[in-house]
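S.K.: Just dropping this structure here.
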Amino acid sequence: MQNQNSMSALDWSLLATLSLLWGGSFFFTGVAVKELPPFTLVFLRVCGAALILHLVILLRGRRMPGSPKIWFAFFVMGLINNLVPFSLIVWGQTHIASGLAAILNATTPLSTAIVAHFLTSDEKLRPHKLAGVLVGFAGVAVMIGPELLTGFSTNILAQAAILLAALSYAFASVFGKRFKTMGVQPIHTATGQLTASAAMALPLALLVDNPLSLPMPGLDIWLAVAGYIILSTALAYIIFFRILASAGATNLALVTFLIPVSAILLGVLFLGEVLETEEIMGMVLIGVGLALIDGRILRWRRVNAA
């Protein structure tokens, strides 16, 4: 078995692909929100991806767990890892660019470091992690701060929604650790939480959005939804688990650095988006913060010094 601290050329190519797929979710959202309301779009994403993953499990000859305890955990995970953050991100992207949303979403590891410090016994904030959190949120302040001084606007609320989504992901990261101790395979966790998310998103979409009364979306919207479901959710989860098995969670965390780059490039090339100077500065600071939390560079320096 490959060393969990090393990555093969295939792992690196899969990591780059995953960053493009997850970065593409912001691009697909940027296209689809033009004609589809948030809860409807979220339902289509989680329901479509759940059906695909159920098919994958069936083709592999496996079965989903039947324990009520496990399914309760799926519903909690689906709420904080899918329904809440997906809805906040989609609503946020109705007001801000996809590239900016991806940058703000990259604060997830910063929030995770704080949440894990208070809710776990083995992931306390060490000096390098604390420094990373402070530098990363300084980047957020650079991006949002100047506009915040002029008062609360829809744009500010949209950016706050993305930050809240990152916080929800942070709680999900801590909560999700229990599935390993419960003996639930990662592919079952992904499928279960998406299924639970779809069950919760359906009544919200019907009651809030009333999608059946909406005009039929154009072909470009349906293509974006298909990409959102097939590429950025179902296929991304499959690649996620492949990298997790071969290279480990630490190496997988590198995707956090790459997602904003992919989202920004897609937004600039296909949506005509332009990042402001303070947004670029904020992205750099968040990147530095993530690097400090990751600790990889510090370890490399120590090894080279030795």
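If you're wondering about the labels, chains in the structure tokens are A, B, ... by order shown, residues count from 1 in each chain, ligands from 1 in order shown.
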Quick one: everything within 7 Å of Ala224 of chain A, counting only C-alpha atoms, minus sequence neighbours fewer than 2 positions away in the same chain. Send it as a PyMOL selection string.

M.R.: chain A and resi 28+31-32+220-222+226-228

S.K.: So that I can see what lies close to segment 77-87 of chain A, please list as a ChimeraX atom specification the residues with an atom at most 7 Å from it, counting only C-alpha atoms and leaving out residues fewer than 3 positions away in the same chain.

M.R.: /A:38-39,42,73-74,90-91,165,168-169,172,176,193-194,196-197,201

S.K.: Looking only at the backbone, which of the residues in segment 106-304 of chain A does DSSP tag as helix (DSSP H, G or I), as number ranges by chain?

M.R.: A: 108-119, 127-148, 154-175, 178-181, 186-209, 211-213, 219-252, 255-270, 277-294, 296-304

S.K.: Taking into account only C-alpha atoms, which residue in the set A:Ser67, A:Thr29, A:Ser153, A:Thr40 is nearest to Thr94 of chain A?

M.R.: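 Nearest to Thr94 of chain A: A:Thr29.
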
S.K.: Of the candidates A:Ala138, A:Ala9, A:Cys47, A:Ala106, which one gets nearest to Met281 of chain A if we count only C-alpha atoms?

M.R.: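 Smallest separation from Met281 of chain A among the options: A:Ala138.
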